[in-house]
$ cat work-v5.csv   # CSV, C-alpha atoms
chain,number,residue,atom,x,y,z
Q,1,MET,CA,43.8,-9.9,9.8
Q,2,ASP,CA,47.5,-10.1,9.5
Q,3,GLU,CA,47.1,-13.7,8.3
Q,4,ILE,CA,44.7,-12.6,5.6
Q,5,LEU,CA,47.1,-9.8,4.5
Q,6,GLU,CA,50.1,-12.1,4.5
Q,7,ARG,CA,48.2,-14.8,2.5
Q,8,ALA,CA,47.0,-12.3,-0.1
Q,9,SER,CA,50.5,-10.9,-0.5
Q,10,GLU,CA,52.0,-14.4,-0.9
Q,11,LYS,CA,49.5,-15.4,-3.6
Q,12,MET,CA,50.1,-12.1,-5.4
Q,13,ASP,CA,53.8,-12.8,-5.2
Q,14,LYS,CA,53.3,-16.2,-6.8
Q,15,THR,CA,51.3,-14.6,-9.6
Q,16,VAL,CA,54.2,-12.3,-10.4
Q,17,VAL,CA,56.7,-15.2,-10.3
Q,18,ASN,CA,54.4,-17.2,-12.5
Q,19,LEU,CA,54.1,-14.3,-15.0
Q,20,SER,CA,57.9,-14.2,-15.3
Q,21,GLY,CA,57.9,-17.9,-16.0
Q,22,GLU,CA,55.3,-17.5,-18.7
Q,23,PHE,CA,57.3,-14.7,-20.3
Q,24,ALA,CA,60.5,-16.9,-20.3
Q,25,THR,CA,58.8,-19.4,-22.6
Q,26,ILE,CA,57.9,-16.7,-25.2
Q,27,ARG,CA,60.2,-16.8,-28.2
Q,28,THR,CA,62.0,-13.5,-28.7
Q,29,GLY,CA,64.4,-14.4,-31.5
Q,30,ARG,CA,67.1,-15.2,-29.0
Q,31,ALA,CA,67.7,-18.9,-28.2
Q,32,SER,CA,66.9,-19.7,-24.6
Q,33,ALA,CA,66.8,-23.1,-22.9
Q,34,THR,CA,63.6,-22.1,-21.0
Q,35,MET,CA,61.7,-22.2,-24.2
Q,36,LEU,CA,61.8,-26.0,-24.1
Q,37,ASP,CA,60.6,-26.3,-20.5
Q,38,ARG,CA,57.0,-27.2,-21.4
Q,39,ILE,CA,57.9,-29.7,-24.1
Q,40,MET,CA,57.3,-33.3,-23.0
Q,41,VAL,CA,58.9,-36.3,-24.6
Q,42,ASP,CA,57.5,-39.8,-24.3
Q,43,TYR,CA,60.4,-41.4,-22.5
Q,44,TYR,CA,59.7,-45.2,-22.2
Q,45,GLY,CA,56.0,-44.5,-21.8
Q,46,THR,CA,56.3,-41.6,-19.4
Q,47,PRO,CA,55.9,-38.0,-20.5
Q,48,THR,CA,59.1,-36.3,-19.4
Q,49,PRO,CA,60.3,-32.7,-19.8
Q,50,ILE,CA,63.2,-32.4,-22.3
Q,51,ASN,CA,65.5,-30.7,-19.7
Q,52,GLN,CA,65.3,-33.9,-17.6
Q,53,ILE,CA,66.5,-36.2,-20.4
Q,54,ALA,CA,68.9,-34.0,-22.3
Q,55,GLY,CA,71.5,-31.4,-22.0
Q,56,ILE,CA,70.5,-28.1,-23.5
Q,57,LYS,CA,73.1,-25.6,-24.5
Q,58,THR,CA,72.9,-22.1,-26.1
Q,59,GLN,CA,75.6,-22.1,-28.8
Q,60,ASP,CA,74.9,-18.5,-29.8
Q,61,ALA,CA,71.9,-16.1,-29.8
Q,62,GLN,CA,70.2,-18.0,-32.6
Q,63,LEU,CA,71.0,-21.6,-31.9
Q,64,LEU,CA,70.2,-24.2,-29.2
Q,65,LEU,CA,71.8,-27.6,-29.0
Q,66,VAL,CA,69.8,-30.4,-27.4
Q,67,GLU,CA,71.9,-33.5,-26.6
Q,68,PRO,CA,69.8,-36.4,-25.2
Q,69,TRP,CA,71.7,-38.5,-22.8
Q,70,ASP,CA,70.1,-41.7,-24.2
Q,71,LYS,CA,70.9,-41.6,-27.9
Q,72,GLN,CA,68.0,-44.0,-28.7
Q,73,ILE,CA,65.4,-41.3,-28.0
Q,74,VAL,CA,66.8,-38.6,-30.3
Q,75,ASN,CA,64.0,-39.2,-32.8
Q,76,ASP,CA,61.4,-39.0,-30.0
Q,77,VAL,CA,62.8,-35.6,-28.9
Q,78,VAL,CA,62.7,-34.4,-32.5
Q,79,LYS,CA,59.1,-35.4,-32.8
Q,80,ALA,CA,58.1,-33.7,-29.5
Q,81,ILE,CA,59.8,-30.4,-30.7
Q,82,GLN,CA,58.1,-30.6,-34.0
Q,83,ALA,CA,54.7,-31.2,-32.3
Q,84,SER,CA,55.2,-28.2,-30.0
Q,85,ASP,CA,54.0,-24.7,-30.7
Q,86,LEU,CA,57.6,-23.3,-31.1
Q,87,GLY,CA,57.4,-23.3,-34.9
Q,88,ILE,CA,61.0,-24.5,-35.3
Q,89,THR,CA,62.3,-27.3,-37.4
Q,90,PRO,CA,64.9,-29.3,-35.6
Q,91,ALA,CA,67.9,-30.6,-37.4
Q,92,SER,CA,69.4,-33.9,-36.0
Q,93,ASP,CA,72.6,-35.7,-36.8
Q,94,GLY,CA,71.7,-38.8,-34.7
Q,95,SER,CA,73.2,-37.6,-31.4
Q,96,VAL,CA,72.7,-33.8,-31.2
Q,97,ILE,CA,69.6,-31.8,-32.2
Q,98,ARG,CA,70.1,-28.3,-33.5
Q,99,LEU,CA,67.3,-25.7,-33.1
Q,100,PRO,CA,67.9,-22.6,-35.2
Q,101,PHE,CA,65.9,-19.6,-34.0
Q,102,PRO,CA,65.6,-17.1,-36.9
Q,103,PRO,CA,64.9,-13.5,-35.8
Q,104,PRO,CA,61.1,-12.8,-35.9
Q,105,THR,CA,59.7,-10.4,-38.4
Q,106,GLU,CA,58.3,-7.1,-37.3
Q,107,GLU,CA,54.8,-8.4,-37.7
Q,108,ARG,CA,55.6,-11.5,-35.6
Q,109,ARG,CA,57.2,-9.3,-32.9
Q,110,ARG,CA,54.0,-7.2,-32.7
Q,111,GLU,CA,51.9,-10.4,-32.3
Q,112,LEU,CA,54.3,-11.5,-29.5
Q,113,VAL,CA,53.8,-8.2,-27.7
Q,114,LYS,CA,50.0,-8.6,-27.9
Q,115,GLN,CA,50.4,-12.1,-26.4
Q,116,CYS,CA,52.6,-10.7,-23.6
Q,117,ARG,CA,50.0,-8.0,-22.9
Q,118,GLN,CA,47.3,-10.6,-22.7
Q,119,ILE,CA,49.3,-12.8,-20.3
Q,120,ALA,CA,50.1,-9.7,-18.1
Q,121,GLU,CA,46.4,-8.8,-18.1
Q,122,ASP,CA,45.5,-12.3,-16.9
Q,123,ALA,CA,48.1,-11.9,-14.1
Q,124,LYS,CA,46.5,-8.6,-13.1
Q,125,VAL,CA,43.1,-10.2,-13.0
Q,126,ALA,CA,44.5,-12.9,-10.8
Q,127,VAL,CA,45.9,-10.3,-8.4
Q,128,ARG,CA,42.6,-8.4,-8.4
Q,129,ASN,CA,40.7,-11.7,-7.7
Q,130,GLU,CA,43.0,-12.2,-4.7
Q,131,ARG,CA,42.3,-8.7,-3.5
Q,132,ARG,CA,38.5,-9.4,-3.7
Q,133,ASP,CA,39.0,-12.7,-1.8
Q,134,ALA,CA,41.0,-11.0,0.9
Q,135,ASN,CA,38.4,-8.2,1.2
Q,136,THR,CA,35.6,-10.8,1.5
Q,137,ARG,CA,37.4,-12.6,4.3
Q,138,LEU,CA,37.9,-9.2,6.0
Q,139,ASP,CA,34.2,-8.4,5.7
Q,140,ARG,CA,33.4,-11.8,7.3
Q,141,LEU,CA,35.4,-10.7,10.4
Q,142,ILE,CA,32.9,-7.8,10.8
Q,143,LYS,CA,29.9,-10.1,10.5
Q,144,GLU,CA,31.4,-12.6,13.0
Q,145,GLU,CA,32.2,-9.6,15.3
Q,146,ASP,CA,35.9,-10.6,15.5
Q,147,ALA,CA,37.1,-7.1,14.4
Q,148,SER,CA,35.8,-3.5,14.3
Q,149,LYS,CA,34.8,-1.8,11.1
Q,150,ASP,CA,37.7,0.7,11.5
Q,151,ASP,CA,40.3,-2.1,11.8
Q,152,VAL,CA,38.8,-3.9,8.7
Q,153,LYS,CA,38.8,-0.6,6.8
Q,154,ARG,CA,42.5,-0.1,7.5
Q,155,ALA,CA,43.2,-3.7,6.5
Q,156,GLN,CA,41.3,-3.2,3.3
Q,157,ASP,CA,43.3,-0.1,2.5
Q,158,GLN,CA,46.5,-2.2,3.1
Q,159,VAL,CA,45.2,-4.9,0.8
Q,160,GLN,CA,44.7,-2.2,-1.9
Q,161,LYS,CA,48.3,-0.9,-1.4
Q,162,ILE,CA,49.6,-4.5,-1.7
Q,163,THR,CA,47.5,-4.9,-4.9
Q,164,ASP,CA,48.7,-1.7,-6.4
Q,165,SER,CA,52.3,-2.7,-5.7
Q,166,HIS,CA,51.9,-6.1,-7.4
Q,167,ILE,CA,50.1,-4.5,-10.4
Q,168,GLU,CA,53.2,-2.1,-10.8
Q,169,GLN,CA,55.5,-5.1,-10.7
Q,170,ILE,CA,53.5,-6.8,-13.4
Q,171,ASP,CA,53.7,-3.6,-15.5
Q,172,GLU,CA,57.5,-3.5,-15.0
Q,173,VAL,CA,57.9,-7.1,-16.0
Q,174,LEU,CA,55.7,-6.5,-19.1
Q,175,GLN,CA,57.6,-3.4,-20.2
Q,176,SER,CA,60.9,-5.3,-19.9
Q,177,LYS,CA,59.6,-8.2,-21.9
Q,178,GLU,CA,58.1,-5.9,-24.6
Q,179,ALA,CA,61.5,-4.2,-25.0
Q,180,GLU,CA,63.1,-7.6,-25.3
Q,181,VAL,CA,60.6,-8.8,-27.9
Q,182,MET,CA,60.8,-5.6,-30.0
Q,183,GLU,CA,64.7,-5.5,-29.9
Q,184,VAL,CA,66.1,-6.3,-33.3

$ encode --input "work-v5.csv" --output "structure tokens"
Amino acid sequence: MDEILERASEKMDKTVVNLSGEFATIRTGRASATMLDRIMVDYYGTPTPINQIAGIKTQDAQLLLVEPWDKQIVNDVVKAIQASDLGITPASDGSVIRLPFPPPTEERRRELVKQCRQIAEDAKVAVRNERRDANTRLDRLIKEEDASKDDVKRAQDQVQKITDSHIEQIDEVLQSKEAEVMEV
């Protein structure tokens, strides 16, 4: 039973960490290097993340500088950024790419909050699914007569406490991100 509880808790922890990673890629009007993490560049026939082929610097809150180490791929990096869903027009001088991040409008910030809420809800569903799986494994212990009903009931109560704790963490991360997005 301890193994089932531990495994459920670990998977729920991973869900919360994954949620934080998802939120890091959402554009808030502030320039952040993590926004480029998912953008892949065709580097000599191999899709490669930008952060592995270029230095990324935050010049100020509204501007990112991308400096590819191989100057021959500057145009490939520009094309990859334009093809991404960032909605930013990169400016290149042949060696450095500038990415200006204008502050989002009020309407756009509200859309981003909705997107954040949907991502958080998906994370909650994943946590609840893990709770269901853990409870199913615990129920199997009764059928296989490896544990008593009282022990399984206590373990299921513990699974519920773990679930509630992770749902609270998700809500806290969401509130923090909402505040960041709505900040002008």

$ residues_around --input "work-v5.csv" --residues "segment 36-48 of chain Q" --least-positions-apart "3" --cutoff "7 Å" --atoms "only C-alpha atoms" --output "PyMOL selection string"
chain Q and resi 33+51-52+76-77+80-81+84

$ atom_distance --input "work-v5.csv" --atom1 "atom CA of Asp146 of chain Q" --atom2 "atom CA of His166 of chain Q"
28.3 Å

$ atom_distance --input "work-v5.csv" --atom1 "atom CA of Glu145 of chain Q" --atom2 "atom CA of Ala8 of chain Q"
21.5 Å

$ closest_residue --input "work-v5.csv" --among "Q:Leu99, Q:Asn18, Q:Gln156, Q:Pro90" --to "Asp60 of chain Q" --atoms "all atoms listed in the file"
Q:Leu99

$ closest_residue --input "work-v5.csv" --among "Q:Pro49, Q:Arg110, Q:Ala120, Q:Val16" --to "Glu180 of chain Q" --atoms "all atoms listed in the file"
Q:Arg110

$ closest_residue --input "work-v5.csv" --among "Q:Arg30, Q:Arg128, Q:Lys11, Q:Arg117" --to "Gln62 of chain Q" --atoms "only C-alpha atoms"
Q:Arg30

$ build_atoms --input "work-v5.csv" --residues "segment 95-114 of chain Q" --atoms "N, CA and C atoms" --output "PDB file, in the coordinates of the input"
ATOM      1  N   SER Q  95      72.858 -37.695 -32.848  1.00  0.00           N
ATOM      2  CA  SER Q  95      73.200 -37.600 -31.400  1.00  0.00           C
ATOM      3  C   SER Q  95      72.927 -36.212 -30.854  1.00  0.00           C
ATOM      4  N   VAL Q  96      72.967 -35.179 -31.690  1.00  0.00           N
ATOM      5  CA  VAL Q  96      72.700 -33.800 -31.200  1.00  0.00           C
ATOM      6  C   VAL Q  96      71.600 -33.210 -32.107  1.00  0.00           C
ATOM      7  N   ILE Q  97      70.721 -32.461 -31.471  1.00  0.00           N
ATOM      8  CA  ILE Q  97      69.600 -31.800 -32.200  1.00  0.00           C
ATOM      9  C   ILE Q  97      69.907 -30.306 -32.177  1.00  0.00           C
ATOM     10  N   ARG Q  98      69.904 -29.708 -33.361  1.00  0.00           N
ATOM     11  CA  ARG Q  98      70.100 -28.300 -33.500  1.00  0.00           C
ATOM     12  C   ARG Q  98      68.792 -27.580 -33.715  1.00  0.00           C
ATOM     13  N   LEU Q  99      68.557 -26.509 -32.937  1.00  0.00           N
ATOM     14  CA  LEU Q  99      67.300 -25.700 -33.100  1.00  0.00           C
ATOM     15  C   LEU Q  99      67.680 -24.308 -33.480  1.00  0.00           C
ATOM     16  N   PRO Q 100      67.560 -23.987 -34.773  1.00  0.00           N
ATOM     17  CA  PRO Q 100      67.900 -22.600 -35.200  1.00  0.00           C
ATOM     18  C   PRO Q 100      66.663 -21.704 -34.925  1.00  0.00           C
ATOM     19  N   PHE Q 101      66.932 -20.550 -34.337  1.00  0.00           N
ATOM     20  CA  PHE Q 101      65.900 -19.600 -34.000  1.00  0.00           C
ATOM     21  C   PHE Q 101      66.109 -18.349 -34.913  1.00  0.00           C
ATOM     22  N   PRO Q 102      65.392 -18.278 -36.042  1.00  0.00           N
ATOM     23  CA  PRO Q 102      65.600 -17.100 -36.900  1.00  0.00           C
ATOM     24  C   PRO Q 102      64.936 -15.881 -36.193  1.00  0.00           C
ATOM     25  N   PRO Q 103      65.483 -14.709 -36.435  1.00  0.00           N
ATOM     26  CA  PRO Q 103      64.900 -13.500 -35.800  1.00  0.00           C
ATOM     27  C   PRO Q 103      63.467 -13.318 -36.326  1.00  0.00           C
ATOM     28  N   PRO Q 104      62.529 -13.002 -35.432  1.00  0.00           N
ATOM     29  CA  PRO Q 104      61.100 -12.800 -35.900  1.00  0.00           C
ATOM     30  C   PRO Q 104      60.979 -11.554 -36.715  1.00  0.00           C
ATOM     31  N   THR Q 105      60.007 -11.595 -37.610  1.00  0.00           N
ATOM     32  CA  THR Q 105      59.700 -10.400 -38.400  1.00  0.00           C
ATOM     33  C   THR Q 105      59.050  -9.362 -37.532  1.00  0.00           C
ATOM     34  N   GLU Q 106      58.932  -8.160 -38.050  1.00  0.00           N
ATOM     35  CA  GLU Q 106      58.300  -7.100 -37.300  1.00  0.00           C
ATOM     36  C   GLU Q 106      56.851  -7.428 -36.950  1.00  0.00           C
ATOM     37  N   GLU Q 107      56.151  -8.032 -37.908  1.00  0.00           N
ATOM     38  CA  GLU Q 107      54.800  -8.400 -37.700  1.00  0.00           C
ATOM     39  C   GLU Q 107      54.673  -9.467 -36.546  1.00  0.00           C
ATOM     40  N   ARG Q 108      55.574 -10.429 -36.578  1.00  0.00           N
ATOM     41  CA  ARG Q 108      55.600 -11.500 -35.600  1.00  0.00           C
ATOM     42  C   ARG Q 108      55.914 -10.886 -34.179  1.00  0.00           C
ATOM     43  N   ARG Q 109      56.841  -9.935 -34.134  1.00  0.00           N
ATOM     44  CA  ARG Q 109      57.200  -9.300 -32.900  1.00  0.00           C
ATOM     45  C   ARG Q 109      55.967  -8.561 -32.291  1.00  0.00           C
ATOM     46  N   ARG Q 110      55.192  -7.915 -33.156  1.00  0.00           N
ATOM     47  CA  ARG Q 110      54.000  -7.200 -32.700  1.00  0.00           C
ATOM     48  C   ARG Q 110      52.969  -8.225 -32.129  1.00  0.00           C
ATOM     49  N   GLU Q 111      52.837  -9.382 -32.778  1.00  0.00           N
ATOM     50  CA  GLU Q 111      51.900 -10.400 -32.300  1.00  0.00           C
ATOM     51  C   GLU Q 111      52.410 -10.921 -30.902  1.00  0.00           C
ATOM     52  N   LEU Q 112      53.716 -11.079 -30.745  1.00  0.00           N
ATOM     53  CA  LEU Q 112      54.300 -11.500 -29.500  1.00  0.00           C
ATOM     54  C   LEU Q 112      54.013 -10.509 -28.364  1.00  0.00           C
ATOM     55  N   VAL Q 113      54.097  -9.218 -28.707  1.00  0.00           N
ATOM     56  CA  VAL Q 113      53.800  -8.200 -27.700  1.00  0.00           C
ATOM     57  C   VAL Q 113      52.359  -8.254 -27.284  1.00  0.00           C
ATOM     58  N   LYS Q 114      51.456  -8.474 -28.259  1.00  0.00           N
ATOM     59  CA  LYS Q 114      50.000  -8.600 -27.900  1.00  0.00           C
ATOM     60  C   LYS Q 114      49.839  -9.814 -26.986  1.00  0.00           C
TER      61      LYS Q 114
END
